[in-house]
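K.L.:
Below is work39.cif; it holds mmCIF, C-alpha atoms.
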data_upload
#
loop_
_atom_site.group_PDB
_atom_site.id
_atom_site.type_symbol
_atom_site.label_atom_id
_atom_site.label_comp_id
_atom_site.auth_asym_id
_atom_site.auth_seq_id
_atom_site.Cartn_x
_atom_site.Cartn_y
_atom_site.Cartn_z
ATOM 1 C CA MET A 1 0.000 0.000 0.000
ATOM 2 C CA THR A 2 1.366 3.381 -0.958
ATOM 3 C CA GLU A 3 2.193 5.700 1.939
ATOM 4 C CA PRO A 4 0.191 8.939 1.855
ATOM 5 C CA THR A 5 2.114 12.034 0.817
ATOM 6 C CA PRO A 6 2.936 14.181 3.912
ATOM 7 C CA ARG A 7 0.619 17.138 4.092
ATOM 8 C CA PRO A 8 2.271 20.538 4.494
ATOM 9 C CA GLN A 9 1.643 22.334 7.747
ATOM 10 C CA PRO A 10 -0.849 25.230 7.584
ATOM 11 C CA ALA A 11 0.765 28.655 7.397
ATOM 12 C CA ASP A 12 -0.703 29.713 10.749
ATOM 13 C CA HIS A 13 0.863 26.640 12.405
ATOM 14 C CA GLN A 14 4.212 27.479 10.805
ATOM 15 C CA ASP A 15 4.014 31.062 11.995
ATOM 16 C CA ALA A 16 3.084 30.000 15.540
ATOM 17 C CA ALA A 17 6.062 27.630 15.756
ATOM 18 C CA PHE A 18 8.446 30.301 14.501
ATOM 19 C CA THR A 19 6.992 32.948 16.811
ATOM 20 C CA ALA A 20 7.411 30.658 19.829
ATOM 21 C CA ALA A 21 11.068 30.059 18.976
ATOM 22 C CA ARG A 22 11.831 33.641 17.956
ATOM 23 C CA PRO A 23 13.193 34.995 21.289
ATOM 24 C CA ARG A 24 15.760 32.194 21.468
ATOM 25 C CA LEU A 25 16.628 32.586 17.793
ATOM 26 C CA PHE A 26 17.227 36.317 18.243
ATOM 27 C CA ALA A 27 19.360 35.578 21.315
ATOM 28 C CA ILE A 28 21.558 33.272 19.209
ATOM 29 C CA ALA A 29 21.844 35.613 16.234
ATOM 30 C CA TYR A 30 22.554 38.734 18.288
ATOM 31 C CA ARG A 31 25.243 37.008 20.376
ATOM 32 C CA MET A 32 26.842 35.769 17.179
ATOM 33 C CA LEU A 33 26.719 39.081 15.333
ATOM 34 C CA GLY A 34 26.522 41.860 17.935
ATOM 35 C CA SER A 35 24.079 43.738 15.715
ATOM 36 C CA ARG A 36 20.305 44.008 16.072
ATOM 37 C CA ALA A 37 19.867 44.739 12.358
ATOM 38 C CA ASP A 38 22.013 41.778 11.278
ATOM 39 C CA ALA A 39 20.234 39.495 13.742
ATOM 40 C CA GLU A 40 16.841 40.546 12.373
ATOM 41 C CA ASP A 41 18.062 39.905 8.812
ATOM 42 C CA VAL A 42 19.160 36.404 9.809
ATOM 43 C CA LEU A 43 15.790 35.709 11.393
ATOM 44 C CA GLN A 44 13.997 36.914 8.260
ATOM 45 C CA ASP A 45 16.106 34.578 6.136
ATOM 46 C CA ALA A 46 15.437 31.712 8.555
ATOM 47 C CA TRP A 47 11.699 32.423 8.435
ATOM 48 C CA MET A 48 11.720 32.145 4.642
ATOM 49 C CA ARG A 49 13.596 28.841 4.789
ATOM 50 C CA TRP A 50 11.212 27.613 7.455
ATOM 51 C CA HIS A 51 8.258 28.178 5.163
ATOM 52 C CA GLN A 52 10.027 26.341 2.337
ATOM 53 C CA ALA A 53 11.006 23.320 4.472
ATOM 54 C CA ASP A 54 9.158 19.995 4.639
ATOM 55 C CA GLN A 55 8.225 20.296 8.291
ATOM 56 C CA SER A 56 6.492 16.922 8.440
ATOM 57 C CA THR A 57 9.929 15.276 8.652
ATOM 58 C CA LEU A 58 11.249 17.423 11.517
ATOM 59 C CA GLN A 59 11.508 16.040 15.039
ATOM 60 C CA SER A 60 11.915 19.466 16.636
ATOM 61 C CA ALA A 61 11.012 22.763 15.012
ATOM 62 C CA GLU A 62 13.061 24.770 17.516
ATOM 63 C CA ALA A 63 16.169 22.626 17.057
ATOM 64 C CA TRP A 64 15.903 22.920 13.265
ATOM 65 C CA LEU A 65 15.445 26.675 13.448
ATOM 66 C CA ALA A 66 18.314 27.113 15.920
ATOM 67 C CA THR A 67 20.609 25.172 13.597
ATOM 68 C CA VAL A 68 19.598 27.260 10.580
ATOM 69 C CA VAL A 69 20.008 30.546 12.480
ATOM 70 C CA THR A 70 23.440 29.534 13.778
ATOM 71 C CA ARG A 71 24.676 28.536 10.334
ATOM 72 C CA LEU A 72 23.311 31.702 8.760
ATOM 73 C CA SER A 73 24.971 33.728 11.523
ATOM 74 C CA ILE A 74 28.327 32.044 10.887
ATOM 75 C CA ASP A 75 28.093 32.904 7.186
ATOM 76 C CA ARG A 76 27.107 36.506 7.911
ATOM 77 C CA LEU A 77 29.854 36.890 10.514
ATOM 78 C CA ARG A 78 32.466 35.671 8.045
ATOM 79 C CA ALA A 79 31.348 38.364 5.628
ATOM 80 C CA ALA A 80 31.198 40.975 8.395
ATOM 81 C CA LYS A 81 34.768 40.255 9.523
ATOM 82 C CA ALA A 82 36.163 42.003 6.458
ATOM 83 C CA GLU A 83 33.853 44.980 6.983
ATOM 84 C CA ARG A 84 34.838 45.260 10.641
ATOM 85 C CA GLU A 85 38.531 45.171 9.768
ATOM 86 C CA ALA A 86 37.916 48.261 7.607
ATOM 87 C CA TYR A 87 35.771 49.924 10.294
ATOM 88 C CA VAL A 88 37.026 53.330 11.415
ATOM 89 C CA GLY A 89 38.257 52.945 14.997
ATOM 90 C CA TRP A 90 37.098 50.247 17.395
ATOM 91 C CA TRP A 91 33.960 48.236 16.642
ATOM 92 C CA LEU A 92 31.567 47.695 19.559
ATOM 93 C CA PRO A 93 28.272 45.778 19.467
ATOM 94 C CA GLU A 94 25.019 47.632 18.913
ATOM 95 C CA PRO A 95 23.613 48.058 22.445
ATOM 96 C CA LEU A 96 20.284 46.545 23.462
ATOM 97 C CA VAL A 97 18.778 49.247 25.691
ATOM 98 C CA GLU A 98 15.733 49.035 27.974
ATOM 99 C CA PRO A 99 14.281 51.451 30.537
ATOM 100 C CA GLU A 100 15.699 50.696 33.949
ATOM 101 C CA ALA A 101 12.304 50.435 35.658
ATOM 102 C CA ASP A 102 10.720 48.059 33.137
ATOM 103 C CA THR A 103 10.292 44.387 33.980
ATOM 104 C CA PRO A 104 11.283 42.372 30.900
ATOM 105 C CA SER A 105 8.470 40.438 29.228
ATOM 106 C CA PRO A 106 8.862 36.635 29.182
ATOM 107 C CA GLU A 107 9.979 36.863 25.543
ATOM 108 C CA LYS A 108 12.523 39.585 26.335
ATOM 109 C CA ALA A 109 13.761 37.583 29.331
ATOM 110 C CA VAL A 110 14.623 34.720 26.976
ATOM 111 C CA GLU A 111 16.580 37.093 24.719
ATOM 112 C CA LEU A 112 18.518 38.448 27.695
ATOM 113 C CA ALA A 113 19.046 35.141 29.526
ATOM 114 C CA GLY A 114 22.682 34.348 30.220
ATOM 115 C CA ASP A 115 25.632 36.672 29.882
ATOM 116 C CA LEU A 116 24.920 39.216 27.168
ATOM 117 C CA SER A 117 27.236 41.931 28.443
ATOM 118 C CA MET A 118 29.174 44.277 26.207
ATOM 119 C CA ALA A 119 32.313 42.995 27.920
ATOM 120 C CA LEU A 120 31.629 39.417 26.788
ATOM 121 C CA LEU A 121 30.660 40.419 23.242
ATOM 122 C CA TRP A 122 33.839 42.529 23.029
ATOM 123 C CA VAL A 123 35.897 39.421 23.853
ATOM 124 C CA LEU A 124 33.910 37.203 21.465
ATOM 125 C CA GLU A 125 34.943 39.467 18.581
ATOM 126 C CA ARG A 126 38.432 37.963 18.908
ATOM 127 C CA LEU A 127 37.163 34.454 18.122
ATOM 128 C CA SER A 128 36.631 32.921 14.704
ATOM 129 C CA PRO A 129 32.985 32.532 13.639
ATOM 130 C CA GLU A 130 32.984 28.772 14.301
ATOM 131 C CA GLU A 131 34.748 29.171 17.665
ATOM 132 C CA ARG A 132 32.184 31.778 18.622
ATOM 133 C CA ALA A 133 29.310 29.497 17.639
ATOM 134 C CA ALA A 134 30.768 26.505 19.495
ATOM 135 C CA PHE A 135 31.411 28.561 22.629
ATOM 136 C CA LEU A 136 27.925 30.098 22.666
ATOM 137 C CA MET A 137 26.141 26.831 21.940
ATOM 138 C CA ARG A 138 27.966 25.112 24.794
ATOM 139 C CA GLN A 139 28.459 27.784 27.449
ATOM 140 C CA VAL A 140 25.365 29.950 26.925
ATOM 141 C CA PHE A 141 22.762 27.635 25.373
ATOM 142 C CA ASP A 142 23.971 24.404 27.055
ATOM 143 C CA GLN A 143 23.910 22.186 23.971
ATOM 144 C CA ASP A 144 25.787 18.890 24.126
ATOM 145 C CA TYR A 145 28.806 18.239 21.943
ATOM 146 C CA ALA A 146 26.947 15.850 19.639
ATOM 147 C CA GLU A 147 24.511 18.664 18.745
ATOM 148 C CA ILE A 148 27.338 21.157 18.254
ATOM 149 C CA ALA A 149 29.244 18.694 16.056
ATOM 150 C CA ALA A 150 26.167 18.124 13.877
ATOM 151 C CA LEU A 151 25.567 21.866 13.638
ATOM 152 C CA LEU A 152 29.138 22.699 12.610
ATOM 153 C CA GLY A 153 29.803 19.573 10.544
ATOM 154 C CA LYS A 154 32.800 18.600 12.697
ATOM 155 C CA THR A 155 33.717 15.798 15.068
ATOM 156 C CA GLU A 156 32.836 15.999 18.740
ATOM 157 C CA ALA A 157 36.543 15.992 19.569
ATOM 158 C CA ALA A 158 37.157 18.986 17.329
ATOM 159 C CA CYS A 159 34.244 20.844 18.919
ATOM 160 C CA ARG A 160 35.552 20.118 22.407
ATOM 161 C CA GLN A 161 38.895 21.587 21.372
ATOM 162 C CA MET A 162 37.238 24.697 19.944
ATOM 163 C CA VAL A 163 35.155 25.260 23.067
ATOM 164 C CA HIS A 164 38.210 24.718 25.281
ATOM 165 C CA ARG A 165 40.330 27.231 23.335
ATOM 166 C CA ALA A 166 37.511 29.771 23.207
ATOM 167 C CA SER A 167 36.769 29.372 26.930
ATOM 168 C CA ASP A 168 40.435 29.953 27.793
ATOM 169 C CA ARG A 169 40.472 33.128 25.703
ATOM 170 C CA VAL A 170 37.226 34.420 27.172
ATOM 171 C CA GLN A 171 38.291 33.576 30.731
ATOM 172 C CA GLN A 172 41.468 35.623 30.347
ATOM 173 C CA ASP A 173 39.637 38.784 29.285
ATOM 174 C CA ARG A 174 36.201 38.729 30.912
ATOM 175 C CA PRO A 175 35.418 40.166 34.378
ATOM 176 C CA ARG A 176 36.568 37.958 37.219
ATOM 177 C CA PHE A 177 33.719 38.726 39.612
ATOM 178 C CA ASP A 178 29.973 39.132 39.330
ATOM 179 C CA VAL A 179 28.520 42.349 40.752
ATOM 180 C CA ALA A 180 25.070 42.564 42.314
ATOM 181 C CA PRO A 181 22.764 44.802 40.224
ATOM 182 C CA ASP A 182 22.077 47.130 43.172
ATOM 183 C CA ALA A 183 25.795 47.659 43.814
ATOM 184 C CA HIS A 184 26.377 48.143 40.082
ATOM 185 C CA ARG A 185 23.606 50.719 39.871
ATOM 186 C CA ASP A 186 24.748 52.554 43.019
ATOM 187 C CA LEU A 187 28.273 52.970 41.690
ATOM 188 C CA LEU A 188 26.973 54.208 38.337
ATOM 189 C CA GLU A 189 24.735 56.709 40.106
ATOM 190 C CA ARG A 190 27.764 58.184 41.842
ATOM 191 C CA PHE A 191 29.788 58.111 38.634
ATOM 192 C CA ALA A 192 27.014 59.820 36.649
ATOM 193 C CA GLU A 193 26.650 62.605 39.212
ATOM 194 C CA ALA A 194 30.397 63.171 39.417
ATOM 195 C CA SER A 195 30.692 63.144 35.621
ATOM 196 C CA ARG A 196 27.733 65.494 35.139
ATOM 197 C CA THR A 197 29.216 68.064 37.510
ATOM 198 C CA GLY A 198 32.887 67.564 36.651
ATOM 199 C CA GLN A 199 34.041 66.426 40.086
ATOM 200 C CA ARG A 200 37.534 65.304 39.130
ATOM 201 C CA ASP A 201 38.502 63.673 42.443
ATOM 202 C CA ALA A 202 35.176 61.854 42.729
ATOM 203 C CA ILE A 203 35.454 60.453 39.190
ATOM 204 C CA ARG A 204 39.034 59.331 39.753
ATOM 205 C CA ALA A 205 38.132 57.621 43.028
ATOM 206 C CA LEU A 206 35.569 55.434 41.235
ATOM 207 C CA LEU A 207 38.060 54.243 38.602
ATOM 208 C CA ALA A 208 40.530 51.399 39.101
ATOM 209 C CA ASP A 209 44.129 52.363 38.449
ATOM 210 C CA ASP A 210 44.225 50.129 35.357
ATOM 211 C CA ALA A 211 40.796 51.166 34.047
ATOM 212 C CA HIS A 212 40.395 51.369 30.277
ATOM 213 C CA LEU A 213 37.908 53.003 27.933
ATOM 214 C CA VAL A 214 36.912 51.818 24.455
ATOM 215 C CA GLY A 215 35.039 54.242 22.196
ATOM 216 C CA ASP A 216 33.130 53.487 18.986
ATOM 217 C CA GLY A 217 32.328 56.414 16.697
ATOM 218 C CA GLY A 218 32.433 54.431 13.459
ATOM 219 C CA GLY A 219 33.942 57.371 11.605
ATOM 220 C CA LYS A 220 30.567 59.150 11.912
ATOM 221 C CA VAL A 221 31.429 61.193 15.018
ATOM 222 C CA PRO A 222 34.732 61.916 16.781
ATOM 223 C CA SER A 223 35.984 59.087 18.956
ATOM 224 C CA PHE A 224 39.244 57.650 20.242
ATOM 225 C CA MET A 225 41.326 55.667 17.760
ATOM 226 C CA ARG A 226 43.101 53.886 20.582
ATOM 227 C CA ILE A 227 41.998 52.248 23.817
ATOM 228 C CA ILE A 228 42.479 54.706 26.689
ATOM 229 C CA GLN A 229 44.288 52.739 29.406
ATOM 230 C CA ASP A 230 44.882 55.375 32.050
ATOM 231 C CA ALA A 231 42.474 56.314 34.859
ATOM 232 C CA GLY A 232 43.789 59.856 34.965
ATOM 233 C CA GLN A 233 43.222 60.318 31.246
ATOM 234 C CA ILE A 234 39.703 58.886 31.485
ATOM 235 C CA THR A 235 38.958 61.307 34.318
ATOM 236 C CA LYS A 236 40.249 64.180 32.204
ATOM 237 C CA ILE A 237 38.015 63.176 29.278
ATOM 238 C CA TYR A 238 34.850 63.282 31.400
ATOM 239 C CA CYS A 239 35.827 66.570 33.050
ATOM 240 C CA GLU A 240 36.673 68.290 29.772
ATOM 241 C CA LEU A 241 33.206 67.535 28.429
ATOM 242 C CA VAL A 242 31.702 69.360 31.408
ATOM 243 C CA GLN A 243 34.012 72.320 30.800
ATOM 244 C CA HIS A 244 32.749 72.564 27.227
ATOM 245 C CA MET A 245 29.059 71.753 27.752
ATOM 246 C CA GLY A 246 28.288 72.634 31.372
ATOM 247 C CA ASP A 247 24.605 72.141 32.208
ATOM 248 C CA ASP A 248 23.862 70.637 28.788
ATOM 249 C CA ILE A 249 24.955 67.159 29.946
ATOM 250 C CA ARG A 250 22.423 64.666 31.268
ATOM 251 C CA TYR A 251 22.758 60.988 32.203
ATOM 252 C CA VAL A 252 19.868 58.506 32.118
ATOM 253 C CA HIS A 253 20.024 55.168 33.947
ATOM 254 C CA VAL A 254 19.012 52.219 31.750
ATOM 255 C CA ARG A 255 19.766 48.549 31.269
ATOM 256 C CA ILE A 256 22.243 47.886 28.464
ATOM 257 C CA ASN A 257 22.461 44.251 27.371
ATOM 258 C CA GLY A 258 20.810 43.227 30.620
ATOM 259 C CA GLU A 259 23.107 45.222 32.936
ATOM 260 C CA PRO A 260 22.925 48.700 34.512
ATOM 261 C CA GLY A 261 24.301 51.311 32.117
ATOM 262 C CA LEU A 262 24.069 54.979 31.206
ATOM 263 C CA LEU A 263 22.818 57.008 28.279
ATOM 264 C CA ARG A 264 24.503 60.383 27.958
ATOM 265 C CA TYR A 265 22.602 63.285 26.414
ATOM 266 C CA VAL A 266 24.537 66.356 25.315
ATOM 267 C CA ASP A 267 22.668 69.486 24.329
ATOM 268 C CA GLY A 268 19.438 67.489 24.428
ATOM 269 C CA LYS A 269 20.631 64.809 21.979
ATOM 270 C CA LEU A 270 21.633 61.230 22.678
ATOM 271 C CA GLU A 271 25.415 61.250 22.423
ATOM 272 C CA SER A 272 26.414 57.786 23.703
ATOM 273 C CA ALA A 273 25.401 54.547 25.391
ATOM 274 C CA GLN A 274 27.888 53.537 28.061
ATOM 275 C CA SER A 275 28.463 50.108 29.603
ATOM 276 C CA PHE A 276 30.687 49.466 32.601
ATOM 277 C CA VAL A 277 32.668 46.585 34.081
ATOM 278 C CA ILE A 278 33.070 46.740 37.856
ATOM 279 C CA GLU A 279 35.446 44.801 40.076
ATOM 280 C CA ASN A 280 36.108 45.281 43.787
ATOM 281 C CA GLY A 281 33.878 48.338 43.928
ATOM 282 C CA ARG A 282 35.618 50.278 41.149
ATOM 283 C CA ILE A 283 35.175 50.675 37.406
ATOM 284 C CA VAL A 284 37.725 48.692 35.399
ATOM 285 C CA ALA A 285 36.303 49.165 31.880
ATOM 286 C CA ILE A 286 33.962 51.536 30.044
ATOM 287 C CA TYR A 287 32.511 50.784 26.605
ATOM 288 C CA VAL A 288 31.188 53.927 24.930
ATOM 289 C CA VAL A 289 29.061 53.519 21.783
ATOM 290 C CA ARG A 290 28.820 56.863 19.943
ATOM 291 C CA ASN A 291 28.197 55.694 16.377
ATOM 292 C CA PRO A 292 24.793 57.299 15.618
ATOM 293 C CA ASP A 293 23.780 54.336 13.462
ATOM 294 C CA LYS A 294 23.963 52.118 16.570
ATOM 295 C CA LEU A 295 22.019 54.606 18.693
ATOM 296 C CA ALA A 296 19.215 55.297 16.213
ATOM 297 C CA HIS A 297 16.800 52.717 17.672
ATOM 298 C CA ILE A 298 17.074 54.092 21.236
ATOM 299 C CA GLY A 299 14.141 56.273 22.231
ATOM 300 C CA ILE A 300 14.660 56.412 25.996
ATOM 301 C CA GLY A 301 15.140 59.662 27.899
ATOM 302 C CA ALA A 302 14.798 61.958 24.888
#
Any chance you could put this one into structure tokens?

P.N.:
Amino acid sequence: MTEPTPRPQPADHQDAAFTAARPRLFAIAYRMLGSRADAEDVLQDAWMRWHQADQSTLQSAEAWLATVVTRLSIDRLRAAKAEREAYVGWWLPEPLVEPEADTPSPEKAVELAGDLSMALLWVLERLSPEERAAFLMRQVFDQDYAEIAALLGKTEAACRQMVHRASDRVQQDRPRFDVAPDAHRDLLERFAEASRTGQRDAIRALLADDAHLVGDGGGKVPSFMRIIQDAGQITKIYCELVQHMGDDIRYVHVRINGEPGLLRYVDGKLESAQSFVIENGRIVAIYVVRNPDKLAHIGIGA
């Protein structure tokens, strides 16, 4: 007897399955690419492939979609590597910004689950696309090595090696200690007030001696072409802005990539999104995104 031909799933069923998986898919794509726009493009491409697939043969829609999104992200990241090498100055991820007081929706909580910090994404930029995928799949999304091997088309042993190398690299450069959100926010409140009013000694006291600052202007606005690795120089930078702008500086507390951060408005316009790494009660790193293209989607505090 001839087996019946599998019937395609109705479009509304396809859309519901994709919608349910979407927060996790965005979380994968954004962590891979560090760009909201690129992540959305990947998800659009995945959605089109999802509608073209024979879904009657799939054991897990979410697993299939996660595999497709990861592979598409690897391809896009390979292409982006050349663009980022030609980028003017330092390239920082596009910040995901939310009002500080808002409670994330369940969907948003999935997107933000796990370490999504600017500090981690900054380190991940030093990995190859496949190393980045292997590390994220294992350390962030807790997939086993058999799944990672199938996804990357490599042996489990090779994937273990990639994850081990990537983990060593990340461990060297990422913050050594977790900071409670309240303590993080309290320190930023003091830093924002000192920076707004140009209190040189107060700013310097909040910075670790080996603090560094990374700025991203993308060639669109002035920014630093080198990493500032001197607490005194960082203090001077914040104080000089006050000398030039005075009362036209305003800081707004927000969450940036799931952590307390600051938006800085100068002369009423959003000038930067700033993320901070804190250790032992002092700021050890500041990531300042000034590229207007990466700030365009932020509508908080205007």

K.L.:
Looking at only C-alpha atoms, which of A:Leu92, A:Leu72, A:Ala192, A:Val42 is the one that sits closest to Phe26 of chain A?

P.N.:
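Counting only C-alpha atoms, the residue closest to Phe26 of chain A is A:Val42.
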
K.L.:
Got a sec: who's within 9 Å of Glu130 of chain A, counting all atoms listed in the file, leaving out chain neighbours fewer than 4 positions off, as a list in words?

P.N.:
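Here the answer would be Ile74, Ala134, Phe135, Leu152 and Met162 of chain A.
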
K.L.:
If we count all atoms listed in the file and set the cut-off at 7 Å, which residues sit around Ala208 of chain A, ignoring sequence neighbours fewer than 2 positions away in its own chain? Please answer as a PyMOL selection string.

P.N.:
chain A and resi 206+210-211+231+282-284

K.L.:
Evaluate the PyMOL selection byres ((chain A and resi 77-85) around 12) and record the selected residues as a PyMOL selection string, following the chain and residue labels used in the document.

P.N.:
chain A and resi 29-35+38-39+42+69-76+86-93+124-133+216+218

K.L.:
Report, in Å with one decimal, the straight-line distance from atom CA of His51 of chain A to atom CA of Trp64 of chain A.

P.N.:
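Atom CA of Trp64 of chain A lies at a distance of 12.3 Å from atom CA of His51 of chain A.
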
K.L.:
Can you work out which one of A:Gly215, A:Pro23, A:Gly246, A:Pro95 has the shortest atom-to-atom distance to Leu262 of chain A, counting all atoms listed in the file?

P.N.:
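So, comparing all the options, the nearest one is A:Pro95.
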